[in-house]
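Colleague: I'd like to ask you about the structure that follows.
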Number of protein chains: 2
Amino acid sequence: MGLPSEAGRPEVFRDALLRAGVLIDGGTPGLYLRSGEFEAVARAVESLMRRQMAEDGAEEIHPQPGMTTRALGKSGYMRSFPQLAGTIGCFCGDDAAHRRLVCKLDDEEDWTDQQVTSEVSLIPAACYPTYALIASRGPLPVDGHRVAITSWCFRHEPSPDPCRMQMFRMAESVRYGTPEQARAHRELWMTRVAEAATMMGLPHTIEPANDPFFGRTGRLMATSQLEQELKMELLIPVSDETKPTACASVNMHLDGMGLKWGITTQDGAPAHTACVGYGLERMSLALFRHHGAEPRDWPPSVRAALWP
Amino acid sequence: MGLPSEAGRPEVFRDALLRAGVLIDGGTPGLYLRSGEFEAVARAVESLMRRQMAEDGAEEIHPQPGMTTRALGKSGYMRSFPQLAGTIGCFCGDDAAHRRLVCKLDDEEDWTDQQVTSEVSLIPAACYPTYALIASRGPLPVDGHRVAITSWCFRHEPSPDPCRMQMFRMAESVRYGTPEQARAHRELWMTRVAEAATMMGLPHTIEPANDPFFGRTGRLMATSQLEQELKMELLIPVSDETKPTACASVNMHLDGMGLKWGITTQDGAPAHTACVGYGLERMSLALFRHHGAEPRDWPPSVRAALWP
């Protein structure tokens, strides 16, 4: 009933999605137009996630897909993952500069040499715009705080794997508080992500993982993250049975974000933070992979979980 | 019951939205985080628009917020509106280049000098990714074709006016066909945009308008567009009573897009195209402006239109 995939060849699953009309080629690896069915599934997945998050009374926040370039610099993302980030370039020239631009367009040359980095960049992970906001409100209440946030994210990693889109939506629940509150968030969501996968009829495991830190120094950071089990991933076989895809992750930042952004608890200590992030595109693709191209034919229990 | 605004001072309406918690300052003009209430309204507005579009049996397409930089160049947008477009810049350096980047971050200098334009750009208007797709399918059927598309769009026009966000969603219905089919689309949607505004209890007019074409040559294009009434705008007073905001527009491209992208009708003639685009953020802000900060207190007829 599901769509085909083949070990080591993510393009087999991609091509099945293209043939079924779930995705439409967007002209470069990692860009797709998506069908009404795909979008209906992605929104239903988001609603299921939001119902989980609403149980804790999280504050709902919806960013535009951008944050300031200044905040992206401050966030540390360019230190750890510079290869993935996206800044926005704009044309700020006058009539003469525009004539040069138009000549290049006429000659079908590269016309982008006059683009200059603007004050806006793309959000790399949904929680990024929340830290400055929470810090600006002063010390956390005794119970800490929770934010539920859905955002478009950009990561420059062109790939034939449809699970590695350059732009995708992430639904996160972020916890700000004491070390105990952050750890409790992690434990709770380790259970909840597995429950969500079970409700959606998706085979899964949860395993320690590391982020794709850049360069030689990055390898040390990755090892340390793995050893401390700071990142746990919900793994589901999607485009490759032998290399399951991280469809959600539960992350502990210890006091890293608290120190960086100046978020403090009542007693003035740097806050600890933790977050769970679901990839809406990846969860949706997992559903198409396992249940087939036609959501109306999916198992009743899966449909009931998505459209209660 | 509504939120305040003042002629010539869009920041009065913006500050009312910030105080009410509908919007949260995003750190630079035109960027905001938005509340759960705002998002619920924007999604209800989109659903209303989509119900209108579904009456014609339009094909639903959902892009990511990006299109190829190549297609942006081909589209003509950089000729007419270079000042508004956004390309995406990425870091493609090695370990040594990354050390230079990290030094600049340490010294709190501008760190963006190594960003290079990537193969992905931001979508300036929702219909842009559709033309290459429709052309790739060969000549149009006798009845032409219709696409309903919602997309995040980027326009670099920082402003204190909350109606002029740098990133916003646009829901469009695009018609591809004969000159008669394109014109009929325009006439139909002139009626429908007014009906939508009436259902939502929003005062409005429909008037000819022009796009913000760049530079000196652009002024001639703007005049020609106005004279031919190729662009009609749904105007609603939102952030300034004396300068109503274009919350939707109905546009005729004549055979411009058909020629540029190679879209043809059955007889091989270049297709004519027309589109209607609703600004989901602007329509939502119009509702908050006229009905107040609390959607649950909005008039029953407005609520029934949004949440049927």
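Every chain in the structure tokens has a letter given in the order shown (A, B, ...), and although residue numbers restart at 1 in each chain, ligands are simply numbered from 1 in the order shown.
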Select from stretch 96-285 of chain A everything DSSP, run on the backbone, classes as strand (DSSP E), then give the selection as JSON, numbers by chain.

Modeller: {"A": [115, 116, 117, 118, 119, 120, 121, 122, 145, 146, 147, 148, 149, 150, 151, 152, 153, 154, 167, 168, 169, 170, 171, 172, 173, 174, 175, 176, 177, 205, 206, 207, 208, 231, 232, 233, 234, 235, 236, 245, 246, 247, 248, 249, 250, 251, 252, 253, 254, 272, 273, 274, 275, 276, 277, 278, 279]}

Colleague: Would you tabulate, counting only C-alpha atoms, all residues of chain B that have an atom at most 7 Å from an atom of chain A, showing the closest pair of atoms and their distance in Å to one decimal, sorted by chain then ascending number, as JSON lines?

Modeller:
{"residue": "B:Gly26", "atom": "CA", "partner": "A:Met67", "partner_atom": "CA", "distance": 7.0}
{"residue": "B:Gly27", "atom": "CA", "partner": "A:Thr68", "partner_atom": "CA", "distance": 6.5}
{"residue": "B:Thr28", "atom": "CA", "partner": "A:Thr68", "partner_atom": "CA", "distance": 6.8}
{"residue": "B:Tyr32", "atom": "CA", "partner": "A:Pro63", "partner_atom": "CA", "distance": 6.5}
{"residue": "B:Leu33", "atom": "CA", "partner": "A:Pro63", "partner_atom": "CA", "distance": 4.3}
{"residue": "B:Arg34", "atom": "CA", "partner": "A:His62", "partner_atom": "CA", "distance": 4.9}
{"residue": "B:Ser35", "atom": "CA", "partner": "A:Ile61", "partner_atom": "CA", "distance": 5.1}
{"residue": "B:Gly36", "atom": "CA", "partner": "A:Glu60", "partner_atom": "CA", "distance": 5.0}
{"residue": "B:Glu39", "atom": "CA", "partner": "A:His62", "partner_atom": "CA", "distance": 6.8}
{"residue": "B:Glu60", "atom": "CA", "partner": "A:Gly36", "partner_atom": "CA", "distance": 5.0}
{"residue": "B:Ile61", "atom": "CA", "partner": "A:Ser35", "partner_atom": "CA", "distance": 5.1}
{"residue": "B:His62", "atom": "CA", "partner": "A:Arg34", "partner_atom": "CA", "distance": 4.9}
{"residue": "B:Pro63", "atom": "CA", "partner": "A:Leu33", "partner_atom": "CA", "distance": 4.3}
{"residue": "B:Gln64", "atom": "CA", "partner": "A:Met167", "partner_atom": "CA", "distance": 6.1}
{"residue": "B:Met67", "atom": "CA", "partner": "A:Gly26", "partner_atom": "CA", "distance": 7.0}
{"residue": "B:Thr68", "atom": "CA", "partner": "A:Gly27", "partner_atom": "CA", "distance": 6.5}
{"residue": "B:Gly73", "atom": "CA", "partner": "A:Leu105", "partner_atom": "CA", "distance": 6.8}
{"residue": "B:Arg79", "atom": "CA", "partner": "A:Val102", "partner_atom": "CA", "distance": 6.1}
{"residue": "B:Pro82", "atom": "CA", "partner": "A:Phe91", "partner_atom": "CA", "distance": 6.0}
{"residue": "B:Gln83", "atom": "CA", "partner": "A:Phe91", "partner_atom": "CA", "distance": 5.3}
{"residue": "B:Ala85", "atom": "CA", "partner": "A:Cys90", "partner_atom": "CA", "distance": 6.2}
{"residue": "B:Gly86", "atom": "CA", "partner": "A:Cys90", "partner_atom": "CA", "distance": 5.2}
{"residue": "B:Thr87", "atom": "CA", "partner": "A:Gly89", "partner_atom": "CA", "distance": 4.9}
{"residue": "B:Ile88", "atom": "CA", "partner": "A:Ile88", "partner_atom": "CA", "distance": 4.7}
{"residue": "B:Gly89", "atom": "CA", "partner": "A:Thr87", "partner_atom": "CA", "distance": 4.9}
{"residue": "B:Cys90", "atom": "CA", "partner": "A:Gly86", "partner_atom": "CA", "distance": 5.2}
{"residue": "B:Phe91", "atom": "CA", "partner": "A:Gln83", "partner_atom": "CA", "distance": 5.3}
{"residue": "B:Cys92", "atom": "CA", "partner": "A:Gln83", "partner_atom": "CA", "distance": 6.1}
{"residue": "B:Asp95", "atom": "CA", "partner": "A:Gly215", "partner_atom": "CA", "distance": 5.9}
{"residue": "B:Val102", "atom": "CA", "partner": "A:Arg79", "partner_atom": "CA", "distance": 6.1}
{"residue": "B:Leu105", "atom": "CA", "partner": "A:Gly73", "partner_atom": "CA", "distance": 6.7}
{"residue": "B:Thr112", "atom": "CA", "partner": "A:Thr117", "partner_atom": "CA", "distance": 6.7}
{"residue": "B:Thr117", "atom": "CA", "partner": "A:Thr112", "partner_atom": "CA", "distance": 6.8}
{"residue": "B:Met167", "atom": "CA", "partner": "A:Gln64", "partner_atom": "CA", "distance": 6.1}
{"residue": "B:Gly215", "atom": "CA", "partner": "A:Asp95", "partner_atom": "CA", "distance": 5.9}

Colleague: Which residues in stretch 61-99 of chain B does DSSP call alpha helix (DSSP H)? List them as number ranges by chain.

Modeller: B: 69-75, 77-80, 95-99

Colleague: Near stretch 202-208 of chain B, within 10 Å and counting only C-alpha atoms, which residues show up once chain neighbours fewer than 5 positions away are dropped, as a PyMOL selection string?

Modeller: chain B and resi 190-191+193-194+196-197+225-238+244-251+283+286-287+289-291+302

Colleague: Check the smallest atom-to-atom distance from each of B:Asp240, B:Glu55, B:Glu46, B:Asp211 to B:Phe13 using only C-alpha atoms, then report the winner.

Modeller: B:Asp240

Colleague: Which polymer residues have any atom within 10 Å of an atom of stretch 298-301 of chain A, counting only C-alpha atoms, with same-chain residues fewer than 5 positions away left out, as a list in words?

Modeller: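 Near stretch 298-301 of chain A, the qualifying residues are Met1, Gly2, Met199, Met200, Gly201, Leu287, Phe288, His290, His291, Gly292, Ala293, Leu306, Trp307 and Pro308 of chain A.
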
Colleague: How would the residues just chosen look if you wrote them out with C-alpha atoms as a PDB file, in the first residue's frame?

Modeller:
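To be explicit, this is the file written out as selection-v2.pdb:
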ATOM      1  CA  MET A   1       0.000   0.000   0.000  1.00  0.00           C
ATOM      2  CA  GLY A   2       2.893   2.352   0.704  1.00  0.00           C
ATOM      3  CA  MET A 199      -0.968   7.106  16.442  1.00  0.00           C
ATOM      4  CA  MET A 200       0.104   7.706  12.849  1.00  0.00           C
ATOM      5  CA  GLY A 201       0.949   4.041  12.288  1.00  0.00           C
ATOM      6  CA  LEU A 287       2.857   8.964   6.143  1.00  0.00           C
ATOM      7  CA  PHE A 288       2.871   8.851   2.325  1.00  0.00           C
ATOM      8  CA  HIS A 290       3.978   3.919   4.720  1.00  0.00           C
ATOM      9  CA  HIS A 291       0.308   4.418   3.856  1.00  0.00           C
ATOM     10  CA  GLY A 292       0.380   5.323   0.152  1.00  0.00           C
ATOM     11  CA  ALA A 293      -0.318   8.248  -2.152  1.00  0.00           C
ATOM     12  CA  LEU A 306      -4.986  13.180  11.795  1.00  0.00           C
ATOM     13  CA  TRP A 307      -8.586  14.311  11.305  1.00  0.00           C
ATOM     14  CA  PRO A 308     -10.310  13.702  14.657  1.00  0.00           C
TER      15      PRO A 308
END

Colleague: Distance atom CA of B:Arg137-atom CA of A:Pro295, one decimal place?

Modeller: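 Value for the atom CA of B:Arg137-atom CA of A:Pro295 distance: 25.3 Å.
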